[in-house]
Amino acid sequence: MLFIFLVILFSGIALGIPIVFCMAIANVVMLFIMDFPMVSYIQKLFTGMDSFTLLAVPFYMFVGEVMNRGGIAKRLLVFSDSLVGHIKGGLGHVNILSSLFFGGISGSAIADTAAIGGLLIPPMKEEGYEPAYSAAVTASSSVIGIIIPPSIPFILYGVTTSTSISKMFIGGIIPGTLTAFILMFVTFLTVGKHKKDLNEGKKNKFSFKKVFVAFKSAWTALLVPFIIVGGILAGVFTATEAGVVASVVALFLGLFVFKELKVKELPQVLFNTAKTTASVLFLCGTASVTAYLLTLAHVPQELTSFFSSLSDNPLVIVFFANILLLLVGFVMDITPAILILSPVLLPVMQKYGIDPVYWGVITCINLGIGLITPPVGTVLYVASGVAKVKMEELVYALIPFFLGMLVLLVILILFPPLITFLPNLLMPVK
């Protein structure tokens with residue numbers, strides 16, 4: 001049954017059919033083969049979308065839209081520049097650090113690429129950075145947005161596998177921070193080949209006064225991720241309710257504090273949010289039908305048997321599963337990949353005693369790397385459009401950043417406490 005599903009899915013993708021419709025067609029074919037009534041498709045479709053937890057998705061997408069227009073991203077960028085702008089490859093480091101702060105509010109890699117890229121790629125070009133390299137730094141750093149809390153992929157994974165989203169948010173703090181450090185290290189090593197003038201130390205001196213002034217302007221925006229994480233840890237609100245809090249705070253900052261978001265822009269912000277949310281929810285509904293049918297067809301059990309035939313060592317199983325995820329990330333966007341594969345692979349991992357939160361964070365990071373790999377990487381197309389560079393030039397410039405993220409993935413696989421330590425410490429099982 002899995003073979004039939006995959007053949008229909010990838011045949012449709014090859015023909016240019018949107019993936020959600022490919023999944024729907026494959027589901028209908030499986031229903032006929034399994035002799036299920038068509039009404040069960042509709043029931044499972046709406047059940048997959050009818051989730052309180054999924055309400056977090058439109059709220060965090062709304063936050064991303066507000067940040068783009070409300071001056072929040074600009075202030076985060078200035079604060080980042082005051083901290084790391086003096087280092088060799090300064091604007092590259094500013095780009096990465098801005099993504100770390102931005103991701104702590106929006107939870108979206110695409111929103112990060114559009115906002116930070118639009119603000120930083122033009123000045124990077126003016127300072128002598130190659131356009132493709134500027135786009136590569138922007139694209140790779142945007143992946144931090146889906147690792148650092150809050151994270152929309154974490155929400156989708158939690159919904160489809162009944163894993164604690166709050167624990168996954170906390171579990172993403174260390175990996176997200178490590179991602180920023182690794183990308184900054186790669187930038188430091190490679191910038192010399194991609195920038196004409198490297199005398200940044202003379203142009204931009206570090207100054208505590210400059211940091212204080214920038215922080216004074218940005219501190220209200222920087223409070224948002226602390227409110228989200230702190231509120232979840234204190235039990236004041238759930239991860240879903242945190243999205244509402246973040247939306248209210250971001251809207252208040254954009255309208256009344258920074259005053260760069262206009263009331264007349266709100267209808268467009270709401271329309272963009274609704275349009276993106278509709279596509280995600282339709283994917284969630286369709287993927288829930290897929291997961292239901294594949295489970296009835298005993299696909300998880302078949303996968304467990306397959307992995308068991310490879311090895312009895314959990315670490316080996318995790319590595320093989322990650323190779324599978326990496327290959328899937330090349331040809332499938334992160335949202336459908338999470339929705340389809342998570343409920344199938346998690347039972348296999350649990351059989352080997354692997355922590356669901358650990359596996360969830362690893363899954364999202366692995367598939368997040370697919371956002372910057374051709375041919376389907378959505379972030380690639382956004383970065384390419386913002387920087388106005390050819391795709392092949394961007395892909396070539398991304399290679400060292402891609403390798404750096406692979407190194408990080410291996411480190412996280414080998415050292416699970418980097419993911420599980422904080423959730424177990426701050427949210428122990430009672």
# chains A, B, ... in the order shown; residues from 1 in each chain; ligands from 1
call {"tool": "closest_atom_pairs", "arguments": {"of": "range 261-314 of chain A", "to": "range 40-49 of chain A", "cutoff": "8 Å", "atoms": "only C-alpha atoms", "output": "Markdown table"}}
result
| residue | atom | partner | partner_atom | distance |
| --- | --- | --- | --- | --- |
| A:Leu281 | CA | A:Met49 | CA | 5.7 |
| A:Phe282 | CA | A:Met49 | CA | 7.2 |
| A:Cys284 | CA | A:Gly48 | CA | 5.9 |
| A:Gly285 | CA | A:Gly48 | CA | 4.2 |
| A:Thr286 | CA | A:Leu45 | CA | 5.6 |
| A:Ala287 | CA | A:Gly48 | CA | 7.7 |
| A:Ser288 | CA | A:Gly48 | CA | 5.2 |
| A:Val289 | CA | A:Lys44 | CA | 5.5 |
call {"tool": "residues_around", "arguments": {"residues": "Ile338 in chain A", "least_positions_apart": "6", "cutoff": "8 Å", "atoms": "only C-alpha atoms", "output": "list in words"}}
result
Pro153, Leu156, Tyr157, Thr363, Cys364 and Leu367 of chain A
call {"tool": "atom_distance", "arguments": {"atom1": "CA of Thr295 in chain A", "atom2": "CA of Leu339 in chain A"}}
result
13.3 Å
call {"tool": "residues_around", "arguments": {"residues": "Pro175 in chain A", "least_positions_apart": "3", "cutoff": "9 Å", "atoms": "only C-alpha atoms", "output": "number ranges by chain"}}
result
A: 144, 147-148, 171-172, 178-180, 361, 365, 408, 412, 418-419
call {"tool": "atom_distance", "arguments": {"atom1": "CA of Phe208 in chain A", "atom2": "CA of Ile87 in chain A"}}
result
14.7 Å
call {"tool": "closest_residue", "arguments": {"among": "A:Ala24, A:Val78, A:Leu303, A:Val143", "to": "Ser99 in chain A", "atoms": "only C-alpha atoms"}}
result
A:Val143
call {"tool": "atom_distance", "arguments": {"atom1": "CA of Thr290 in chain A", "atom2": "CA of Cys22 in chain A"}}
result
11.1 Å
call {"tool": "select_by_dssp", "arguments": {"residues": "range 123-180 of chain A", "states": "alpha helix (DSSP H)", "output": "ChimeraX atom specification"}}
result
/A:123-126,131-142,152-161,165-171,173-180
call {"tool": "closest_residue", "arguments": {"among": "A:Gly329, A:Pro58, A:Pro149, A:Pro131", "to": "Met391 in chain A", "atoms": "only C-alpha atoms"}}
result
A:Pro131
call {"tool": "closest_residue", "arguments": {"among": "A:Lys351, A:Trp359, A:Phe62, A:Thr53", "to": "Val248 in chain A", "atoms": "only C-alpha atoms"}}
result
A:Phe62
call {"tool": "residues_around", "arguments": {"residues": "Ile110 in chain A", "least_positions_apart": "3", "cutoff": "12 Å", "atoms": "only C-alpha atoms", "output": "NGL selection string"}}
result
:A and (61 or 64-65 or 68 or 99 or 102-103 or 106-107 or 113-118 or 138-146 or 152 or 276 or 333-334 or 368 or 371-372 or 377-383 or 386)
call {"tool": "write_last_selection", "arguments": {"atoms": "N, CA, C and O atoms", "output": "compact mmCIF listing (two decimals), in the first residue's frame"}}
result
# COMPACT_ATOMS: atom_id res chain seq x y z
N MET A 61 1.46 32.83 12.08
CA MET A 61 1.58 33.39 10.73
C MET A 61 1.19 34.86 10.73
O MET A 61 1.79 35.69 10.04
N GLY A 64 4.08 36.84 12.01
CA GLY A 64 5.09 37.05 10.98
C GLY A 64 4.71 38.18 10.04
O GLY A 64 5.57 39.00 9.66
N GLU A 65 3.44 38.23 9.65
CA GLU A 65 2.97 39.31 8.77
C GLU A 65 3.10 40.67 9.45
O GLU A 65 3.54 41.64 8.84
N ASN A 68 6.71 41.87 9.66
CA ASN A 68 7.21 42.36 8.38
C ASN A 68 6.86 43.82 8.16
O ASN A 68 7.63 44.59 7.57
N SER A 99 17.94 36.47 12.39
CA SER A 99 17.07 35.32 12.17
C SER A 99 16.79 34.59 13.48
O SER A 99 15.69 34.07 13.69
N PHE A 102 14.28 36.87 15.20
CA PHE A 102 13.03 36.89 14.43
C PHE A 102 12.31 35.56 14.57
O PHE A 102 11.09 35.51 14.73
N GLY A 103 13.08 34.45 14.48
CA GLY A 103 12.48 33.13 14.60
C GLY A 103 11.85 32.90 15.95
O GLY A 103 10.90 32.11 16.09
N SER A 106 8.23 34.61 15.10
CA SER A 106 7.36 34.22 13.99
C SER A 106 7.21 32.72 13.81
O SER A 106 6.14 32.24 13.44
N GLY A 107 8.29 31.93 14.02
CA GLY A 107 8.22 30.48 13.85
C GLY A 107 8.16 30.03 12.41
O GLY A 107 7.83 28.88 12.12
N THR A 113 12.93 34.71 5.82
CA THR A 113 13.67 35.00 4.58
C THR A 113 13.18 36.28 3.93
O THR A 113 13.98 37.12 3.49
N ALA A 114 11.87 36.44 3.87
CA ALA A 114 11.30 37.62 3.22
C ALA A 114 11.62 38.89 4.00
O ALA A 114 12.01 39.91 3.41
N ALA A 115 11.47 38.84 5.34
CA ALA A 115 11.67 40.04 6.15
C ALA A 115 13.15 40.40 6.27
O ALA A 115 13.55 41.52 5.91
N ILE A 116 13.97 39.47 6.75
CA ILE A 116 15.39 39.75 6.95
C ILE A 116 16.10 39.94 5.61
O ILE A 116 16.95 40.83 5.47
N GLY A 117 15.75 39.11 4.64
CA GLY A 117 16.36 39.24 3.31
C GLY A 117 16.07 40.58 2.67
O GLY A 117 16.96 41.23 2.11
N GLY A 118 14.81 41.02 2.78
CA GLY A 118 14.44 42.30 2.19
C GLY A 118 15.17 43.47 2.83
O GLY A 118 15.49 44.45 2.16
N THR A 138 21.17 34.36 4.04
CA THR A 138 19.78 34.61 4.41
C THR A 138 18.96 33.33 4.42
O THR A 138 18.20 33.07 5.37
N ALA A 139 19.10 32.53 3.37
CA ALA A 139 18.31 31.29 3.25
C ALA A 139 18.67 30.30 4.35
O ALA A 139 17.78 29.73 5.01
N SER A 140 19.97 30.08 4.56
CA SER A 140 20.37 29.09 5.56
C SER A 140 20.00 29.52 6.97
O SER A 140 19.54 28.71 7.78
N SER A 141 20.15 30.80 7.27
CA SER A 141 19.83 31.27 8.62
C SER A 141 18.34 31.26 8.90
O SER A 141 17.92 31.17 10.06
N SER A 142 17.53 31.31 7.86
CA SER A 142 16.07 31.30 8.06
C SER A 142 15.59 29.98 8.64
O SER A 142 14.51 29.93 9.25
N VAL A 143 16.37 28.92 8.46
CA VAL A 143 15.99 27.62 9.02
C VAL A 143 15.94 27.67 10.55
O VAL A 143 15.22 26.90 11.18
N ILE A 144 16.68 28.62 11.14
CA ILE A 144 16.63 28.79 12.59
C ILE A 144 15.20 29.07 13.04
O ILE A 144 14.79 28.67 14.13
N GLY A 145 14.43 29.74 12.18
CA GLY A 145 13.05 30.10 12.51
C GLY A 145 12.15 28.93 12.80
O GLY A 145 11.13 29.08 13.50
N ILE A 146 12.48 27.74 12.26
CA ILE A 146 11.64 26.57 12.53
C ILE A 146 12.22 25.68 13.62
O ILE A 146 11.67 24.61 13.89
N ILE A 152 6.34 26.59 13.85
CA ILE A 152 5.13 26.04 13.22
C ILE A 152 5.31 24.55 12.89
O ILE A 152 4.39 23.76 13.14
N THR A 276 -2.62 31.66 3.65
CA THR A 276 -1.58 30.68 4.01
C THR A 276 -2.14 29.62 4.95
O THR A 276 -1.84 28.42 4.81
N ASP A 333 8.14 19.42 0.38
CA ASP A 333 8.19 20.54 1.32
C ASP A 333 8.01 20.02 2.75
O ASP A 333 7.46 18.94 2.98
N ILE A 334 8.45 20.81 3.71
CA ILE A 334 8.50 20.36 5.10
C ILE A 334 7.12 20.05 5.67
O ILE A 334 6.96 19.07 6.41
N GLY A 368 13.90 20.58 7.72
CA GLY A 368 14.16 22.00 7.54
C GLY A 368 15.34 22.24 6.62
O GLY A 368 15.37 23.23 5.87
N LEU A 371 14.51 22.75 3.11
CA LEU A 371 14.03 24.05 2.65
C LEU A 371 15.08 24.80 1.84
O LEU A 371 14.74 25.74 1.10
N ILE A 372 16.36 24.41 1.99
CA ILE A 372 17.43 25.11 1.26
C ILE A 372 18.10 24.18 0.24
O ILE A 372 19.23 24.44 -0.17
N GLY A 377 13.05 23.16 -2.44
CA GLY A 377 13.26 24.06 -1.31
C GLY A 377 12.58 25.41 -1.46
O GLY A 377 13.03 26.25 -2.25
N THR A 378 11.52 25.63 -0.70
CA THR A 378 10.72 26.85 -0.87
C THR A 378 11.49 28.11 -0.49
O THR A 378 11.32 29.17 -1.09
N VAL A 379 12.34 27.99 0.54
CA VAL A 379 13.13 29.15 0.97
C VAL A 379 14.09 29.59 -0.13
O VAL A 379 14.37 30.78 -0.29
N LEU A 380 14.59 28.62 -0.91
CA LEU A 380 15.49 28.94 -2.03
C LEU A 380 14.86 29.94 -2.99
O LEU A 380 15.49 30.90 -3.42
N TYR A 381 13.60 29.68 -3.32
CA TYR A 381 12.93 30.53 -4.31
C TYR A 381 12.67 31.93 -3.77
O TYR A 381 12.78 32.92 -4.51
N VAL A 382 12.34 32.00 -2.47
CA VAL A 382 12.13 33.32 -1.87
C VAL A 382 13.44 34.11 -1.84
O VAL A 382 13.49 35.28 -2.25
N ALA A 383 14.52 33.46 -1.38
CA ALA A 383 15.83 34.13 -1.30
C ALA A 383 16.33 34.52 -2.68
O ALA A 383 16.90 35.61 -2.87
N VAL A 386 14.34 37.61 -3.78
CA VAL A 386 14.72 38.83 -3.04
C VAL A 386 16.08 39.34 -3.51
O VAL A 386 16.28 40.55 -3.70
call {"tool": "residues_around", "arguments": {"residues": "Ala246 in chain A", "least_positions_apart": "2", "cutoff": "8 Å", "atoms": "only C-alpha atoms", "output": "list in words"}}
result
Phe59, Tyr60, Val63, Ile105, Val224, Ile228, Ala242, Gly243, Val244, Val248, Val249 and Ala250 of chain A
call {"tool": "residues_around", "arguments": {"residues": "range 305-315 of chain A", "least_positions_apart": "5", "cutoff": "12 Å", "atoms": "only C-alpha atoms", "output": "PyMOL selection string"}}
result
chain A and resi 298-300+320-322+324+345+347-355+359+410+412-416
